[in-house]
Amino acid sequence: MAEGHRITLAPEGLAFSCGEEENLLQALQRVGVAPALLAAIPVGCRGGGCGVCRIHVRAGEYRTGRMSRKHISEADETAGTVLACRVFPESDLEIEVDPSAANPITRSPTIAKQQRG
Amino acid sequence: MQKGVMRPGHVQIRVLDMETAVAHYRDRLGLIHTHTDSQGRNYFKGWTEIDAFSVVLREADEPGMDFMALKVLDAATLAARKQDLIDYGCQVETIPAGELDGCGERVRFDSPTGHWFELFAEKEQTGKWGVGDRNPDAWPEDLKGMKATRFDHCLLYGDDIDGTVDLLSSVLGFQLAEQVRDEEADLRVAAFLTVSMKAHDVAFVRHEEKGKFHHASFYLSSWEDVLRAADLISMHDIALDIGPTRHGLTHGQTIYFFDPSGNRNEVFSGGDYTYPDHPVVTWDASQLGKAIFYHDRQLNERFLGVVT
Ligand code: FES
Ligand SMILES: [Fe+2]
């Protein structure tokens with residue numbers, strides 16, 4: 001996407017391009033160049049409902065679609081903590097994986113058990 | 001059906017944006033959009049269903065399931081089960097007739113996994129859509145999308161699944177058809193319950209958090225139709241979860257995807273049947289990959305962990 005904005009993941013500095021009509025998670029999936037990014041930001045429901053793709057936007061302008069209030073409070077939203085699948089960039093962005101993320105995926109006892117083997 | 005509970009009746013699902021949700025359930029799943037009520041909720045049914053509706057969408061700021069309702073034989077059964085639920089210790093609330101358009105009085109109750117269920121005895125019957133019940137033709141011609149035939153079951157995630165299994169079996173007459181057991185931990189990991197010949201009318205998976213919604217499922221008549229649903233998911237760039245594949249549990253042929261608010265949907269065909277004298281089918285947690293995805297035999301984190 002020639003028109004895309006440059007999205008940089010802090011602190012690693014990995015970058016990818018994302019158009020204004022595309023959400024960050026879609027762009028990540030499409031690019032697929034950075035497995036580290038994909039691993040850091042899990043792909044869940046892609047609808048702003050499950051909360052697994054929580055990120056923090058450090059700098060830049062963006063629009064958001066509606067996100068589940070269970071995962072993103074009004075305070076989160078003001079502070080730039082958002083769901084990657086609902087973020088549409090309007091400028092270059094600098095993002096990081098939400099440091100406080102309690103990823104629901106890893107909270108499943110079934111999965112925890114399987115991962116322990 | 002020993003306690004007079006016949007079948008699933010409806011599910012009320014919360015969505016973040018009503019317009020895109022209506023388009024998804026109507027044009028992609030192919031449910032019949034019956035109407036919008038005075039609260040702005042939208043009602044749907046599968047074309048083979050005789051009831052006026054089976055799916056209700058409510059706009060809210062958090063997706064998930066409000067409640068799943070079961071139909072009982074008659075008003076006397078409703079009153080009797082209501083008393084049984086109170087005696088069992090459930091929080092029980094009576095919702096007056098008409099709160100959902102076309103539905104009689106509902107008895108709402110909570111469960112140990114934190115899910116809300118309802119019983120009702122009466123709902124307006126508008127008949128199978130487009131064919132009726134007098135010399136009915138095989139199918140109506142004006143169906144859309146995946147042509148989902150009926151709302152079939154829900155899979156719910158919560159902590160105390162043994163508690164909910166006990167409630168639904170002892171008070172409402174559900175039968176445990178299939179389960180997943182972790183013998184090492186002496187723990188039931190999943191439970192599939194039925195009040196009919198179906199392999200499941202509702203199912204539960206153990207999960208740390210109460211009251212979570214994994215999926216609402218809709219029945220299709222063939223594997224060919226499941227593959228056609230997969231084509232539609234690609235054509236319309238719908239968020240695919242997994243499939244088309246077959247489950248080990250219940251052996252249904254299936255595909256999972258998400259609605260625009262992140263609620264998971266399933267369409268499936270086939271699957272095992274259960275009679276009241278059938279022994280419980282058990283899958284070992286060590287075989288969980290195969291139990292869930294019979295072909296891949298690999299666990300999938302998103303399928304297991306992503307819920308609304
Ligand atoms: S993937 Fe579910 S909220 Fe973004
Ligand atoms: Fe299912």
# chains A, B, ... in the order shown; residues from 1 in each chain; ligands from 1
call {"tool": "residues_near_ligand", "arguments": {"ligand": "ligand 2", "cutoff": "7 Å", "atoms": "only C-alpha atoms and all ligand atoms", "output": "list of chain:residue names"}}
result
B:His153, B:Cys154, B:Leu155, B:His215, B:Ala216, B:Ser217, B:Glu266
call {"tool": "residues_near_ligand", "arguments": {"ligand": "ligand 1", "cutoff": "7 Å", "atoms": "only C-alpha atoms and all ligand atoms", "output": "ChimeraX atom specification"}}
result
/A:43-54,83-86 /B:262
call {"tool": "closest_residue", "arguments": {"among": "A:Ala27, A:Val57, A:Leu93, A:Ile72", "to": "chain B", "atoms": "only C-alpha atoms"}}
result
A:Ile72
call {"tool": "residues_around", "arguments": {"residues": "range 24-28 of chain B", "least_positions_apart": "3", "cutoff": "10 Å", "atoms": "only C-alpha atoms", "output": "PDB file with C-alpha atoms, in the first residue's frame"}}
result
ATOM      1  CA  MET B  18     -26.747  -2.850  15.243  1.00  0.00           C
ATOM      2  CA  GLU B  19     -26.605  -1.969  11.566  1.00  0.00           C
ATOM      3  CA  THR B  20     -23.623  -4.162  10.701  1.00  0.00           C
ATOM      4  CA  ALA B  21     -24.934  -6.904  12.993  1.00  0.00           C
ATOM      5  CA  LEU B  31     -31.558 -15.846   9.061  1.00  0.00           C
ATOM      6  CA  ILE B  32     -34.962 -14.324   8.458  1.00  0.00           C
ATOM      7  CA  HIS B  33     -35.105 -10.829   9.965  1.00  0.00           C
ATOM      8  CA  THR B  34     -38.595 -10.742  11.428  1.00  0.00           C
ATOM      9  CA  PHE B  44     -34.491 -13.303  13.635  1.00  0.00           C
ATOM     10  CA  LYS B  45     -35.332 -16.933  12.941  1.00  0.00           C
ATOM     11  CA  GLY B  46     -33.994 -19.780  10.842  1.00  0.00           C
ATOM     12  CA  VAL B  55     -32.272 -14.865  17.856  1.00  0.00           C
ATOM     13  CA  LEU B  57     -29.808  -8.783  18.965  1.00  0.00           C
ATOM     14  CA  LEU B 143     -33.057 -17.466   1.184  1.00  0.00           C
ATOM     15  CA  LYS B 144     -29.849 -15.510   1.587  1.00  0.00           C
ATOM     16  CA  GLY B 145     -26.238 -16.286   2.435  1.00  0.00           C
ATOM     17  CA  MET B 146     -25.587 -19.501   4.346  1.00  0.00           C
ATOM     18  CA  LYS B 147     -29.324 -20.256   4.570  1.00  0.00           C
ATOM     19  CA  ALA B 148     -29.056 -21.222   8.245  1.00  0.00           C
ATOM     20  CA  ALA B 229     -20.620 -21.170   3.975  1.00  0.00           C
ATOM     21  CA  LEU B 232     -19.275 -16.978   1.527  1.00  0.00           C
ATOM     22  CA  ILE B 233     -16.876 -16.207   4.401  1.00  0.00           C
ATOM     23  CA  HIS B 236     -17.379 -11.279   2.069  1.00  0.00           C
ATOM     24  CA  ILE B 238     -15.792 -12.336   7.209  1.00  0.00           C
ATOM     25  CA  PHE B 258     -17.075 -13.981  14.019  1.00  0.00           C
ATOM     26  CA  ASP B 259     -19.904 -11.481  13.749  1.00  0.00           C
ATOM     27  CA  PRO B 260     -18.866  -7.810  13.304  1.00  0.00           C
ATOM     28  CA  ASN B 265     -20.875 -18.018  15.225  1.00  0.00           C
TER      29      ASN B 265
END
call {"tool": "residues_around", "arguments": {"residues": "Ser38 in chain B", "least_positions_apart": "6", "cutoff": "12 Å", "atoms": "only C-alpha atoms", "output": "VMD selection string"}}
result
chain B and resid 58 98 to 101
call {"tool": "select_by_dssp", "arguments": {"residues": "range 69-243 of chain B", "states": "helix (DSSP H, G or I)", "output": "JSON, numbers by chain"}}
result
{"B": [75, 76, 77, 78, 79, 80, 81, 82, 83, 84, 85, 86, 87, 88, 161, 162, 163, 164, 165, 166, 167, 168, 169, 170, 171, 172, 223, 224, 225, 226, 227, 228, 229, 230, 231, 232, 233, 234, 235]}
call {"tool": "write_last_selection", "arguments": {"atoms": "N, CA and C atoms", "output": "short mmCIF file (atom, residue, chain, number, x, y, z; two decimals), in the first residue's frame"}}
result
data_model
loop_
_atom_site.label_atom_id
_atom_site.label_comp_id
_atom_site.auth_asym_id
_atom_site.auth_seq_id
_atom_site.Cartn_x
_atom_site.Cartn_y
_atom_site.Cartn_z
N ALA B 75 -47.79 -24.13 30.61
CA ALA B 75 -47.74 -23.19 31.73
C ALA B 75 -47.54 -23.90 33.07
N ALA B 76 -48.15 -25.08 33.22
CA ALA B 76 -48.00 -25.82 34.49
C ALA B 76 -46.55 -26.24 34.69
N THR B 77 -45.92 -26.70 33.62
CA THR B 77 -44.51 -27.09 33.69
C THR B 77 -43.66 -25.87 34.05
N LEU B 78 -43.98 -24.73 33.44
CA LEU B 78 -43.22 -23.51 33.70
C LEU B 78 -43.28 -23.16 35.19
N ALA B 79 -44.50 -23.23 35.75
CA ALA B 79 -44.66 -22.91 37.17
C ALA B 79 -43.91 -23.91 38.06
N ALA B 80 -44.00 -25.19 37.69
CA ALA B 80 -43.33 -26.22 38.49
C ALA B 80 -41.82 -26.06 38.45
N ARG B 81 -41.26 -25.83 37.27
CA ARG B 81 -39.80 -25.69 37.15
C ARG B 81 -39.33 -24.40 37.85
N LYS B 82 -40.18 -23.37 37.81
CA LYS B 82 -39.82 -22.12 38.49
C LYS B 82 -39.62 -22.41 39.98
N GLN B 83 -40.56 -23.13 40.57
CA GLN B 83 -40.45 -23.46 41.99
C GLN B 83 -39.22 -24.32 42.25
N ASP B 84 -38.96 -25.29 41.37
CA ASP B 84 -37.77 -26.15 41.52
C ASP B 84 -36.49 -25.31 41.50
N LEU B 85 -36.46 -24.31 40.62
CA LEU B 85 -35.25 -23.48 40.50
C LEU B 85 -35.05 -22.66 41.78
N ILE B 86 -36.15 -22.16 42.33
CA ILE B 86 -36.08 -21.40 43.58
C ILE B 86 -35.57 -22.32 44.70
N ASP B 87 -36.15 -23.52 44.76
CA ASP B 87 -35.74 -24.49 45.79
C ASP B 87 -34.27 -24.87 45.65
N TYR B 88 -33.80 -24.93 44.42
CA TYR B 88 -32.40 -25.31 44.17
C TYR B 88 -31.46 -24.21 44.65
N ILE B 161 -18.34 -25.47 35.88
CA ILE B 161 -19.19 -26.20 34.92
C ILE B 161 -19.87 -27.40 35.58
N ASP B 162 -19.25 -27.97 36.61
CA ASP B 162 -19.91 -29.09 37.30
C ASP B 162 -21.20 -28.60 37.97
N GLY B 163 -21.16 -27.39 38.52
CA GLY B 163 -22.34 -26.81 39.14
C GLY B 163 -23.46 -26.61 38.14
N THR B 164 -23.13 -26.06 36.98
CA THR B 164 -24.16 -25.81 35.98
C THR B 164 -24.70 -27.13 35.40
N VAL B 165 -23.81 -28.11 35.22
CA VAL B 165 -24.26 -29.42 34.74
C VAL B 165 -25.25 -30.02 35.74
N ASP B 166 -24.93 -29.89 37.03
CA ASP B 166 -25.84 -30.44 38.05
C ASP B 166 -27.19 -29.72 38.02
N LEU B 167 -27.16 -28.40 37.95
CA LEU B 167 -28.40 -27.63 37.90
C LEU B 167 -29.25 -28.05 36.70
N LEU B 168 -28.64 -28.04 35.51
CA LEU B 168 -29.43 -28.32 34.30
C LEU B 168 -29.90 -29.77 34.26
N SER B 169 -29.10 -30.70 34.80
CA SER B 169 -29.58 -32.08 34.76
C SER B 169 -30.59 -32.37 35.86
N SER B 170 -30.30 -31.94 37.09
CA SER B 170 -31.21 -32.35 38.16
C SER B 170 -32.52 -31.56 38.14
N VAL B 171 -32.48 -30.30 37.78
CA VAL B 171 -33.72 -29.51 37.82
C VAL B 171 -34.45 -29.51 36.47
N LEU B 172 -33.69 -29.49 35.38
CA LEU B 172 -34.35 -29.33 34.08
C LEU B 172 -34.31 -30.59 33.21
N TRP B 223 -22.75 -31.18 4.53
CA TRP B 223 -21.32 -30.79 4.48
C TRP B 223 -21.11 -29.85 3.29
N GLU B 224 -21.81 -30.11 2.20
CA GLU B 224 -21.75 -29.23 1.03
C GLU B 224 -22.14 -27.80 1.43
N ASP B 225 -23.16 -27.68 2.27
CA ASP B 225 -23.60 -26.36 2.72
C ASP B 225 -22.57 -25.71 3.64
N VAL B 226 -21.83 -26.53 4.41
CA VAL B 226 -20.76 -25.98 5.26
C VAL B 226 -19.66 -25.42 4.36
N LEU B 227 -19.33 -26.14 3.29
CA LEU B 227 -18.30 -25.66 2.35
C LEU B 227 -18.76 -24.39 1.64
N ARG B 228 -20.04 -24.33 1.33
CA ARG B 228 -20.62 -23.14 0.70
C ARG B 228 -20.53 -21.95 1.67
N ALA B 229 -20.76 -22.22 2.96
CA ALA B 229 -20.62 -21.17 3.98
C ALA B 229 -19.18 -20.66 3.99
N ALA B 230 -18.22 -21.59 3.86
CA ALA B 230 -16.81 -21.21 3.83
C ALA B 230 -16.53 -20.30 2.63
N ASP B 231 -17.14 -20.61 1.49
CA ASP B 231 -16.98 -19.76 0.30
C ASP B 231 -17.50 -18.35 0.59
N LEU B 232 -18.67 -18.28 1.22
CA LEU B 232 -19.27 -16.98 1.53
C LEU B 232 -18.39 -16.17 2.50
N ILE B 233 -17.75 -16.87 3.44
CA ILE B 233 -16.88 -16.21 4.40
C ILE B 233 -15.72 -15.54 3.66
N SER B 234 -15.18 -16.23 2.64
CA SER B 234 -14.12 -15.63 1.83
C SER B 234 -14.65 -14.51 0.94
N MET B 235 -15.78 -14.75 0.28
CA MET B 235 -16.36 -13.74 -0.62
C MET B 235 -16.59 -12.42 0.09
#
call {"tool": "closest_residue", "arguments": {"among": "A:Ala79, A:Met67, A:Leu9, A:Ile95", "to": "chain B", "atoms": "only C-alpha atoms"}}
result
A:Met67
call {"tool": "interface_residues", "arguments": {"of": "chain B", "to": "chain A", "cutoff": "7 Å", "atoms": "only C-alpha atoms", "output": "count of residues only"}}
result
18
call {"tool": "select_by_dssp", "arguments": {"residues": "range 135-248 of chain B", "states": "strand (DSSP E or B)", "output": "PyMOL selection string"}}
result
chain B and resi 150-158+175-182+187-194+198+202-206+212-219+240-246
call {"tool": "closest_residue", "arguments": {"among": "A:Gln29, A:Thr64, A:Ser17, A:Thr8", "to": "Phe88 in chain A", "atoms": "only C-alpha atoms"}}
result
A:Thr64
call {"tool": "residues_around", "arguments": {"residues": "Gly270 in chain B", "least_positions_apart": "4", "cutoff": "7 Å", "atoms": "only C-alpha atoms", "output": "JSON, numbers by chain"}}
result
{"B": [222, 252, 253]}
call {"tool": "closest_residue", "arguments": {"among": "B:Tyr43, B:Phe151, B:Phe268, B:Phe117", "to": "Gly102 in chain B", "atoms": "only C-alpha atoms"}}
result
B:Tyr43
call {"tool": "atom_distance", "arguments": {"atom1": "CA of Val195 in chain B", "atom2": "CA of Thr282 in chain B"}}
result
18.2 Å
call {"tool": "atom_distance", "arguments": {"atom1": "CA of Glu22 in chain A", "atom2": "CA of His56 in chain A"}}
result
17.7 Å
call {"tool": "decode", "arguments": {"residues": "range 208-223 of chain B", "atoms": "N, CA, C and O atoms", "output": "compact mmCIF listing (two decimals), in the first residue's frame"}}
result
# COMPACT_ATOMS: atom_id res chain seq x y z
N GLU B 208 -11.62 -19.66 33.43
CA GLU B 208 -11.46 -18.93 34.69
C GLU B 208 -12.60 -17.95 34.98
O GLU B 208 -13.03 -17.79 36.11
N GLU B 209 -13.06 -17.28 33.92
CA GLU B 209 -14.01 -16.19 34.12
C GLU B 209 -15.44 -16.69 33.93
O GLU B 209 -15.72 -17.50 33.07
N LYS B 210 -16.35 -16.15 34.73
CA LYS B 210 -17.77 -16.53 34.63
C LYS B 210 -18.47 -15.87 33.44
O LYS B 210 -18.08 -14.80 33.00
N GLY B 211 -19.53 -16.52 32.99
CA GLY B 211 -20.50 -15.87 32.11
C GLY B 211 -20.02 -15.55 30.70
O GLY B 211 -20.53 -14.63 30.07
N LYS B 212 -19.04 -16.30 30.18
CA LYS B 212 -18.54 -15.96 28.84
C LYS B 212 -19.29 -16.74 27.76
O LYS B 212 -19.82 -17.82 27.97
N PHE B 213 -19.27 -16.14 26.58
CA PHE B 213 -20.00 -16.67 25.42
C PHE B 213 -18.97 -17.12 24.39
O PHE B 213 -18.16 -16.32 23.93
N HIS B 214 -18.99 -18.41 24.04
CA HIS B 214 -18.06 -18.90 23.02
C HIS B 214 -18.69 -18.84 21.64
O HIS B 214 -18.13 -18.27 20.72
N HIS B 215 -19.86 -19.44 21.47
CA HIS B 215 -20.54 -19.30 20.18
C HIS B 215 -22.02 -19.65 20.24
O HIS B 215 -22.46 -20.37 21.13
N ALA B 216 -22.74 -19.12 19.27
CA ALA B 216 -24.10 -19.56 18.98
C ALA B 216 -24.00 -20.32 17.66
O ALA B 216 -23.30 -19.89 16.74
N SER B 217 -24.71 -21.45 17.59
CA SER B 217 -24.54 -22.33 16.44
C SER B 217 -25.85 -22.51 15.68
O SER B 217 -26.93 -22.57 16.26
N PHE B 218 -25.70 -22.63 14.37
CA PHE B 218 -26.86 -22.73 13.48
C PHE B 218 -26.69 -23.95 12.59
O PHE B 218 -25.58 -24.24 12.13
N TYR B 219 -27.78 -24.63 12.36
CA TYR B 219 -27.73 -25.91 11.65
C TYR B 219 -27.88 -25.74 10.14
O TYR B 219 -28.72 -24.99 9.66
N LEU B 220 -27.02 -26.45 9.40
CA LEU B 220 -27.13 -26.54 7.95
C LEU B 220 -27.41 -27.99 7.59
O LEU B 220 -27.09 -28.89 8.37
N SER B 221 -27.95 -28.23 6.38
CA SER B 221 -28.35 -29.62 6.12
C SER B 221 -27.25 -30.53 5.60
O SER B 221 -27.44 -31.74 5.58
N SER B 222 -26.12 -29.99 5.14
CA SER B 222 -25.11 -30.90 4.59
C SER B 222 -23.70 -30.31 4.69
O SER B 222 -23.52 -29.11 4.87
N TRP B 223 -22.75 -31.18 4.53
CA TRP B 223 -21.32 -30.79 4.48
C TRP B 223 -21.11 -29.85 3.29
O TRP B 223 -20.36 -28.88 3.39
